[in-house]
file entry09.csv (CSV, C-alpha atoms)
chain,number,residue,atom,x,y,z
A,682,MET,CA,75.4,121.6,126.6
A,683,SER,CA,73.7,120.8,123.3
A,684,GLN,CA,74.6,122.2,119.9
A,685,ASP,CA,71.3,124.1,119.7
A,686,ALA,CA,72.1,125.8,123.1
A,687,LEU,CA,75.6,126.7,121.9
A,688,ALA,CA,74.1,128.2,118.8
A,689,VAL,CA,71.7,130.3,120.8
A,690,LEU,CA,74.5,131.4,123.2
A,691,PHE,CA,77.1,132.2,120.6
A,692,GLY,CA,75.1,133.0,117.5
A,693,ASP,CA,77.0,132.6,114.3
A,694,PRO,CA,80.4,131.2,115.5
A,695,PHE,CA,82.3,132.9,112.6
A,696,ALA,CA,80.8,136.4,113.2
A,697,VAL,CA,81.4,136.2,117.0
A,698,MET,CA,84.9,135.0,116.7
A,699,ASN,CA,85.8,137.3,113.9
A,700,THR,CA,84.5,140.3,115.9
A,701,ILE,CA,86.5,139.4,119.0
A,702,GLY,CA,89.6,138.7,117.0
A,703,LEU,CA,89.6,141.9,115.1
A,704,VAL,CA,89.2,144.1,118.2
A,705,ALA,CA,91.7,142.1,120.2
A,706,PHE,CA,94.4,141.9,117.6
A,707,ALA,CA,94.1,145.6,116.6
A,708,LEU,CA,94.5,146.5,120.3
A,709,VAL,CA,97.6,144.3,120.6
A,710,GLY,CA,99.3,145.5,117.4
A,711,SER,CA,98.6,149.1,118.2
A,712,SER,CA,100.1,148.6,121.7
A,713,LYS,CA,103.3,147.3,120.2
A,714,ALA,CA,103.5,150.3,117.9
A,715,ILE,CA,102.8,152.7,120.8
A,716,HIS,CA,105.7,151.1,122.7
A,717,GLU,CA,107.9,151.8,119.7
A,718,GLU,CA,106.8,155.4,119.7
A,719,PHE,CA,105.1,155.3,116.3
A,720,ASP,CA,102.9,158.3,115.4
A,721,LEU,CA,99.1,158.0,115.3
A,722,PHE,CA,99.1,157.0,111.7
A,723,GLY,CA,101.7,154.3,112.3
A,724,ILE,CA,99.9,153.0,115.3
A,725,ALA,CA,96.7,152.6,113.2
A,726,ILE,CA,98.6,150.9,110.4
A,727,VAL,CA,100.3,148.3,112.6
A,728,GLY,CA,97.1,147.7,114.6
A,729,LEU,CA,95.0,147.2,111.4
A,730,ALA,CA,97.8,145.0,109.9
A,731,MET,CA,97.8,142.7,112.8
A,732,ALA,CA,94.0,142.5,112.7
A,733,PHE,CA,93.6,141.9,109.0
A,734,ALA,CA,96.7,140.4,107.5
A,735,GLY,CA,96.0,136.8,108.7
A,736,GLY,CA,92.4,136.9,107.7
A,737,ALA,CA,93.3,138.3,104.3
A,738,THR,CA,95.8,135.5,103.7
A,739,ARG,CA,93.2,133.0,104.8
A,740,ASP,CA,90.7,134.3,102.3
A,741,LEU,CA,93.2,134.4,99.4
A,742,LEU,CA,94.0,130.7,100.2
A,743,VAL,CA,90.4,129.8,99.7
A,744,THR,CA,90.0,132.0,96.7
A,745,ARG,CA,87.6,134.6,98.0
A,746,VAL,CA,87.8,138.4,98.3
A,747,PRO,CA,89.1,139.3,101.8
A,748,LEU,CA,86.3,140.3,104.2
A,749,ALA,CA,88.1,143.5,105.1
A,750,LEU,CA,87.4,144.7,101.5
A,751,GLN,CA,83.8,143.8,101.6
A,752,SER,CA,82.4,145.4,104.7
A,753,PRO,CA,83.0,148.7,106.5
A,754,ILE,CA,82.1,147.0,109.7
A,755,GLU,CA,85.4,145.1,109.6
A,756,ILE,CA,87.5,148.3,109.5
A,757,SER,CA,85.3,149.9,112.2
A,758,LEU,CA,86.0,147.0,114.5
A,759,GLY,CA,89.8,147.3,113.8
A,760,LEU,CA,89.7,151.0,114.5
A,761,LEU,CA,87.9,150.3,117.8
A,762,GLY,CA,90.8,148.1,118.8
A,763,VAL,CA,93.2,150.9,117.9
A,764,GLY,CA,91.2,153.4,119.9
A,765,LEU,CA,91.2,151.0,122.9
A,766,ALA,CA,95.0,150.6,122.7
A,767,ILE,CA,95.5,154.4,122.7
A,768,ALA,CA,93.2,154.8,125.7
A,769,LEU,CA,95.0,152.1,127.6
A,770,SER,CA,98.4,153.7,126.9
A,771,ILE,CA,97.0,156.9,128.6
A,772,VAL,CA,95.9,155.1,131.8
A,773,LEU,CA,98.5,152.3,132.0
A,774,SER,CA,102.2,152.1,132.1
A,775,SER,CA,103.8,149.7,129.6
A,776,PRO,CA,100.4,148.7,128.1
A,777,GLU,CA,102.1,146.2,125.7
A,778,ARG,CA,103.0,144.1,128.8
A,779,HIS,CA,99.9,144.6,130.8
A,780,PRO,CA,97.7,141.6,131.6
A,781,VAL,CA,94.9,143.3,129.7
A,782,THR,CA,97.0,143.2,126.5
A,783,LEU,CA,98.4,139.7,127.1
A,784,VAL,CA,94.9,138.3,127.7
A,785,SER,CA,93.6,140.2,124.6
A,786,ASP,CA,96.4,138.6,122.6
A,787,ALA,CA,95.4,135.1,123.8
A,788,ILE,CA,91.7,135.8,123.1
A,789,GLY,CA,92.5,137.1,119.6
A,790,LEU,CA,94.7,134.1,118.9
A,791,ALA,CA,91.9,131.8,119.9
A,792,ALA,CA,89.3,133.7,117.9
A,793,PHE,CA,91.3,133.8,114.7
A,794,THR,CA,92.3,130.2,115.0
A,795,THR,CA,88.6,129.4,115.1
A,796,THR,CA,87.6,131.6,112.2
A,797,GLY,CA,90.4,130.1,110.1
A,798,ALA,CA,89.2,126.6,110.9
A,799,ILE,CA,85.6,127.4,110.1
A,800,VAL,CA,86.5,128.9,106.7
A,801,ALA,CA,88.8,126.1,105.9
A,802,THR,CA,86.2,123.5,106.7
A,803,GLU,CA,83.6,125.3,104.6
A,804,ALA,CA,86.1,125.3,101.7
A,805,GLY,CA,86.4,121.5,101.9
A,806,VAL,CA,90.1,121.3,102.4
A,807,SER,CA,92.0,118.4,104.0
A,808,ALA,CA,92.7,118.0,107.7
A,809,PHE,CA,96.1,119.5,107.2
A,810,GLY,CA,94.5,122.4,105.3
A,811,ILE,CA,92.2,123.1,108.2
A,812,VAL,CA,95.1,123.2,110.7
A,813,ALA,CA,97.3,125.2,108.4
A,814,ILE,CA,94.7,127.8,107.5
A,815,ALA,CA,93.6,128.1,111.1
A,816,THR,CA,97.3,128.7,112.1
A,817,ILE,CA,97.9,131.2,109.3
A,818,ASN,CA,94.8,133.1,110.2
A,819,ALA,CA,95.9,133.2,113.9
A,820,VAL,CA,99.5,134.2,113.5
A,821,GLY,CA,99.8,135.9,110.1
A,822,GLY,CA,98.7,139.3,111.4
A,823,GLY,CA,101.2,139.3,114.2
A,824,ALA,CA,104.1,138.2,111.9
A,825,PHE,CA,103.2,141.0,109.5
A,826,ALA,CA,103.0,143.5,112.4
A,827,ASP,CA,106.5,142.5,113.6
A,828,ILE,CA,107.9,143.1,110.1
A,829,LEU,CA,106.4,146.6,110.1
A,830,LEU,CA,108.0,147.1,113.5
A,831,ASP,CA,111.4,146.1,111.9
A,832,ARG,CA,111.9,142.9,113.8
A,833,SER,CA,111.9,139.2,113.1
A,834,PRO,CA,108.4,137.6,113.7
A,835,PHE,CA,108.6,136.3,117.2
A,836,ILE,CA,106.6,133.2,116.4
A,837,LEU,CA,109.7,131.9,114.5
A,838,PHE,CA,112.2,131.9,117.4
A,839,GLU,CA,110.5,132.3,120.8
A,840,ASP,CA,107.5,131.6,122.9
A,841,PHE,CA,104.8,128.9,122.7
A,842,TYR,CA,102.4,130.8,120.4
A,843,ALA,CA,101.8,129.4,116.9
A,844,SER,CA,101.8,125.9,118.5
A,845,CYS,CA,98.6,127.0,120.4
A,846,ALA,CA,96.9,127.7,117.1
A,847,VAL,CA,98.0,124.3,115.8
A,848,LEU,CA,96.5,122.6,118.8
A,849,GLY,CA,93.3,124.6,118.5
A,850,GLY,CA,92.9,123.9,114.8
A,851,SER,CA,93.6,120.2,115.4
A,852,ALA,CA,90.9,120.2,118.1
A,853,TYR,CA,88.4,121.8,115.7
A,854,TRP,CA,89.1,119.1,113.1
A,855,LEU,CA,88.9,116.3,115.6
A,856,VAL,CA,85.5,117.5,117.0
A,857,GLY,CA,84.1,117.7,113.5
A,858,THR,CA,85.5,114.3,112.6
A,859,VAL,CA,83.8,112.6,115.6
A,860,GLY,CA,80.4,114.2,114.7
A,861,GLY,CA,80.4,117.4,116.7
A,862,GLY,CA,78.6,120.4,115.2
A,863,GLY,CA,80.2,123.6,114.0
A,864,SER,CA,79.3,125.5,117.2
A,865,THR,CA,80.7,122.8,119.4
A,866,ALA,CA,83.9,122.6,117.4
A,867,ALA,CA,84.3,126.4,117.5
A,868,VAL,CA,83.9,126.5,121.3
A,869,VAL,CA,86.4,123.6,121.7
A,870,CYS,CA,88.9,125.2,119.3
A,871,ALA,CA,88.8,128.5,121.0
A,872,ALA,CA,89.0,127.0,124.5
A,873,VAL,CA,92.0,124.8,123.6
A,874,THR,CA,93.8,127.7,122.0
A,875,VAL,CA,93.2,130.3,124.8
A,876,VAL,CA,93.9,127.9,127.6
A,877,THR,CA,97.2,126.7,126.2
A,878,ARG,CA,98.3,130.2,125.4
A,879,LEU,CA,97.5,131.5,128.8
A,880,ALA,CA,99.3,128.5,130.3
A,881,ALA,CA,102.3,129.2,128.1
A,882,VAL,CA,102.4,132.9,129.3
A,883,THR,CA,102.0,131.8,133.0
A,884,TYR,CA,104.6,129.1,133.0
A,885,GLY,CA,107.0,130.5,130.4
A,886,TRP,CA,106.7,127.6,127.9
A,887,ASN,CA,109.0,127.7,124.9
A,888,LEU,CA,109.8,125.2,122.2
A,889,PRO,CA,113.5,124.1,122.3
A,890,THR,CA,116.0,125.3,119.9
A,891,VAL,CA,118.7,123.1,118.3
A,892,GLN,CA,121.2,124.7,120.6
A,893,HIS,CA,119.2,123.6,123.6
A,894,LEU,CA,119.0,120.1,122.3
A,895,ASP,CA,122.8,119.9,122.3
A,896,TYR,CA,122.9,120.2,126.1

call {"tool": "encode", "arguments": {"input": "entry09.csv", "output": "structure tokens"}}
result
Amino acid sequence: MSQDALAVLFGDPFAVMNTIGLVAFALVGSSKAIHEEFDLFGIAIVGLAMAFAGGATRDLLVTRVPLALQSPIEISLGLLGVGLAIALSIVLSSPERHPVTLVSDAIGLAAFTTTGAIVATEAGVSAFGIVAIATINAVGGGAFADILLDRSPFILFEDFYASCAVLGGSAYWLVGTVGGGGSTAAVVCAAVTVVTRLAAVTYGWNLPTVQHLDY
């Protein structure tokens, strides 16, 4: 598939991935808050924090005003995700563990890894910067949501999660380095991230701890 065809299919890669990421992560964060029996305001705060904290950090790192403060559409997309989470909690038992939420989380991770890589590339940072900003964009919101939920960010001690974003960001940089266009790099980045995350969930992948290395 050519770069032009990808551009027609996906439009502006940043806009598409940003939209998907905002809705997906707001849904996931709100589902976590619902599980903890937060009230409606608390559910909205945690959902929006998960949707926006990573992107806001990304924007501050490249010295621009966070997009969430520039456009009401951004907040509307986040609130849509919150509303979807509330609706799911009515029709599903344990929505935070339901496949719909787990897949949404993987999709949001992939989308925000890609938007972070796109912004970092446009800012002209190094290869390390591209991977770092892509990862921060992807996992920053979830880490902040965990803090609001009064627990340690799970990306620091369990699961194969942030590593998926590292792989996706690296794939974006690699495709760009070998001459692939922005749309192609975005698709590859998203695909690598979501596939590795879904594989990690399916097969229970975890990075080893020091204690495990002793055995």

call {"tool": "closest_residue", "arguments": {"input": "entry09.csv", "among": "A:Thr700, A:Leu742, A:Glu803, A:Gly736", "to": "A:Ile754", "atoms": "all atoms listed in the file"}}
result
A:Thr700

call {"tool": "residues_around", "arguments": {"input": "entry09.csv", "residues": "A:Ala846", "least_positions_apart": "6", "cutoff": "10 Å", "atoms": "all atoms listed in the file", "output": "JSON, numbers by chain"}}
result
{"A": [790, 791, 792, 793, 794, 795, 797, 798, 812, 813, 814, 815, 816, 817, 818, 819, 820, 852, 870, 871, 873, 874, 875, 877, 878]}

call {"tool": "atom_distance", "arguments": {"input": "entry09.csv", "atom1": "atom CA of A:Phe809", "atom2": "atom CA of A:Gly823"}}
result
21.6 Å

call {"tool": "closest_residue", "arguments": {"input": "entry09.csv", "among": "A:Ala705, A:Ala766, A:Ala730, A:Ala714", "to": "A:Asp786", "atoms": "all atoms listed in the file"}}
result
A:Ala705

call {"tool": "closest_residue", "arguments": {"input": "entry09.csv", "among": "A:Leu708, A:Asp720, A:Val800, A:Thr858", "to": "A:Pro747", "atoms": "all atoms listed in the file"}}
result
A:Val800

call {"tool": "closest_residue", "arguments": {"input": "entry09.csv", "among": "A:Gly728, A:Gly862, A:Pro776, A:Gly702", "to": "A:Ile788", "atoms": "only C-alpha atoms"}}
result
A:Gly702

call {"tool": "closest_residue", "arguments": {"input": "entry09.csv", "among": "A:Thr738, A:Thr744, A:Gln892, A:Ser712", "to": "A:Leu765", "atoms": "all atoms listed in the file"}}
result
A:Ser712

call {"tool": "closest_residue", "arguments": {"input": "entry09.csv", "among": "A:Val869, A:Arg778, A:Val806, A:Arg832", "to": "A:Val882", "atoms": "all atoms listed in the file"}}
result
A:Arg778

call {"tool": "residues_around", "arguments": {"input": "entry09.csv", "residues": "A:Ile828", "least_positions_apart": "2", "cutoff": "12 Å", "atoms": "all atoms listed in the file", "output": "JSON, numbers by chain"}}
result
{"A": [710, 713, 714, 727, 730, 731, 734, 821, 822, 823, 824, 825, 826, 830, 831, 832, 833, 834, 835, 836]}

call {"tool": "atom_distance", "arguments": {"input": "entry09.csv", "atom1": "atom CA of A:Val709", "atom2": "atom CA of A:Asp740"}}
result
22.0 Å

call {"tool": "atom_distance", "arguments": {"input": "entry09.csv", "atom1": "atom CA of A:Pro694", "atom2": "atom CA of A:Arg745"}}
result
19.2 Å

call {"tool": "residues_around", "arguments": {"input": "entry09.csv", "residues": "A:Trp886", "least_positions_apart": "4", "cutoff": "7 Å", "atoms": "all atoms listed in the file", "output": "PyMOL selection string"}}
result
chain A and resi 840-841+881-882

call {"tool": "build_atoms", "arguments": {"input": "entry09.csv", "residues": "stretch 823-842 of chain A", "atoms": "N, CA and C atoms", "output": "mmCIF file, in the frame of the given file"}}
result
data_model
loop_
_atom_site.group_PDB
_atom_site.id
_atom_site.type_symbol
_atom_site.label_atom_id
_atom_site.label_comp_id
_atom_site.auth_asym_id
_atom_site.auth_seq_id
_atom_site.Cartn_x
_atom_site.Cartn_y
_atom_site.Cartn_z
ATOM 1 N N GLY A 823 100.152 138.916 113.329
ATOM 2 C CA GLY A 823 101.200 139.300 114.200
ATOM 3 C C GLY A 823 102.584 139.237 113.570
ATOM 4 N N ALA A 824 102.785 138.267 112.667
ATOM 5 C CA ALA A 824 104.100 138.200 111.900
ATOM 6 C C ALA A 824 104.224 139.432 111.052
ATOM 7 N N PHE A 825 103.145 139.847 110.374
ATOM 8 C CA PHE A 825 103.200 141.000 109.500
ATOM 9 C C PHE A 825 103.455 142.283 110.333
ATOM 10 N N ALA A 826 102.815 142.371 111.496
ATOM 11 C CA ALA A 826 103.000 143.500 112.400
ATOM 12 C C ALA A 826 104.462 143.624 112.825
ATOM 13 N N ASP A 827 105.075 142.483 113.149
ATOM 14 C CA ASP A 827 106.500 142.500 113.600
ATOM 15 C C ASP A 827 107.382 142.992 112.449
ATOM 16 N N ILE A 828 107.062 142.627 111.215
ATOM 17 C CA ILE A 828 107.900 143.100 110.100
ATOM 18 C C ILE A 828 107.748 144.635 109.974
ATOM 19 N N LEU A 829 106.537 145.163 110.148
ATOM 20 C CA LEU A 829 106.400 146.600 110.100
ATOM 21 C C LEU A 829 107.112 147.293 111.264
ATOM 22 N N LEU A 830 107.282 146.571 112.364
ATOM 23 C CA LEU A 830 108.000 147.100 113.500
ATOM 24 C C LEU A 830 109.518 146.864 113.397
ATOM 25 N N ASP A 831 109.944 146.354 112.233
ATOM 26 C CA ASP A 831 111.400 146.100 111.900
ATOM 27 C C ASP A 831 112.019 145.133 112.850
ATOM 28 N N ARG A 832 111.325 144.016 113.060
ATOM 29 C CA ARG A 832 111.900 142.900 113.800
ATOM 30 C C ARG A 832 111.454 141.607 113.295
ATOM 31 N N SER A 833 112.222 140.572 113.578
ATOM 32 C CA SER A 833 111.900 139.200 113.100
ATOM 33 C C SER A 833 110.582 138.784 113.782
ATOM 34 N N PRO A 834 109.666 138.159 113.036
ATOM 35 C CA PRO A 834 108.400 137.600 113.700
ATOM 36 C C PRO A 834 108.753 136.721 114.826
ATOM 37 N N PHE A 835 108.246 137.077 115.997
ATOM 38 C CA PHE A 835 108.600 136.300 117.200
ATOM 39 C C PHE A 835 108.133 134.908 117.195
ATOM 40 N N ILE A 836 107.141 134.607 116.374
ATOM 41 C CA ILE A 836 106.600 133.200 116.400
ATOM 42 C C ILE A 836 107.653 132.263 115.804
ATOM 43 N N LEU A 837 108.717 132.764 115.161
ATOM 44 C CA LEU A 837 109.700 131.900 114.500
ATOM 45 C C LEU A 837 110.844 131.526 115.484
ATOM 46 N N PHE A 838 110.980 132.228 116.603
ATOM 47 C CA PHE A 838 112.200 131.900 117.400
ATOM 48 C C PHE A 838 111.925 131.979 118.919
ATOM 49 N N GLU A 839 110.747 132.314 119.371
ATOM 50 C CA GLU A 839 110.500 132.300 120.800
ATOM 51 C C GLU A 839 109.053 132.106 121.126
ATOM 52 N N ASP A 840 108.815 131.663 122.326
ATOM 53 C CA ASP A 840 107.500 131.600 122.900
ATOM 54 C C ASP A 840 106.668 130.399 122.296
ATOM 55 N N PHE A 841 105.698 129.952 123.047
ATOM 56 C CA PHE A 841 104.800 128.900 122.700
ATOM 57 C C PHE A 841 103.509 129.572 122.172
ATOM 58 N N TYR A 842 103.479 129.936 120.882
ATOM 59 C CA TYR A 842 102.400 130.800 120.400
ATOM 60 C C TYR A 842 101.698 130.161 119.205
#
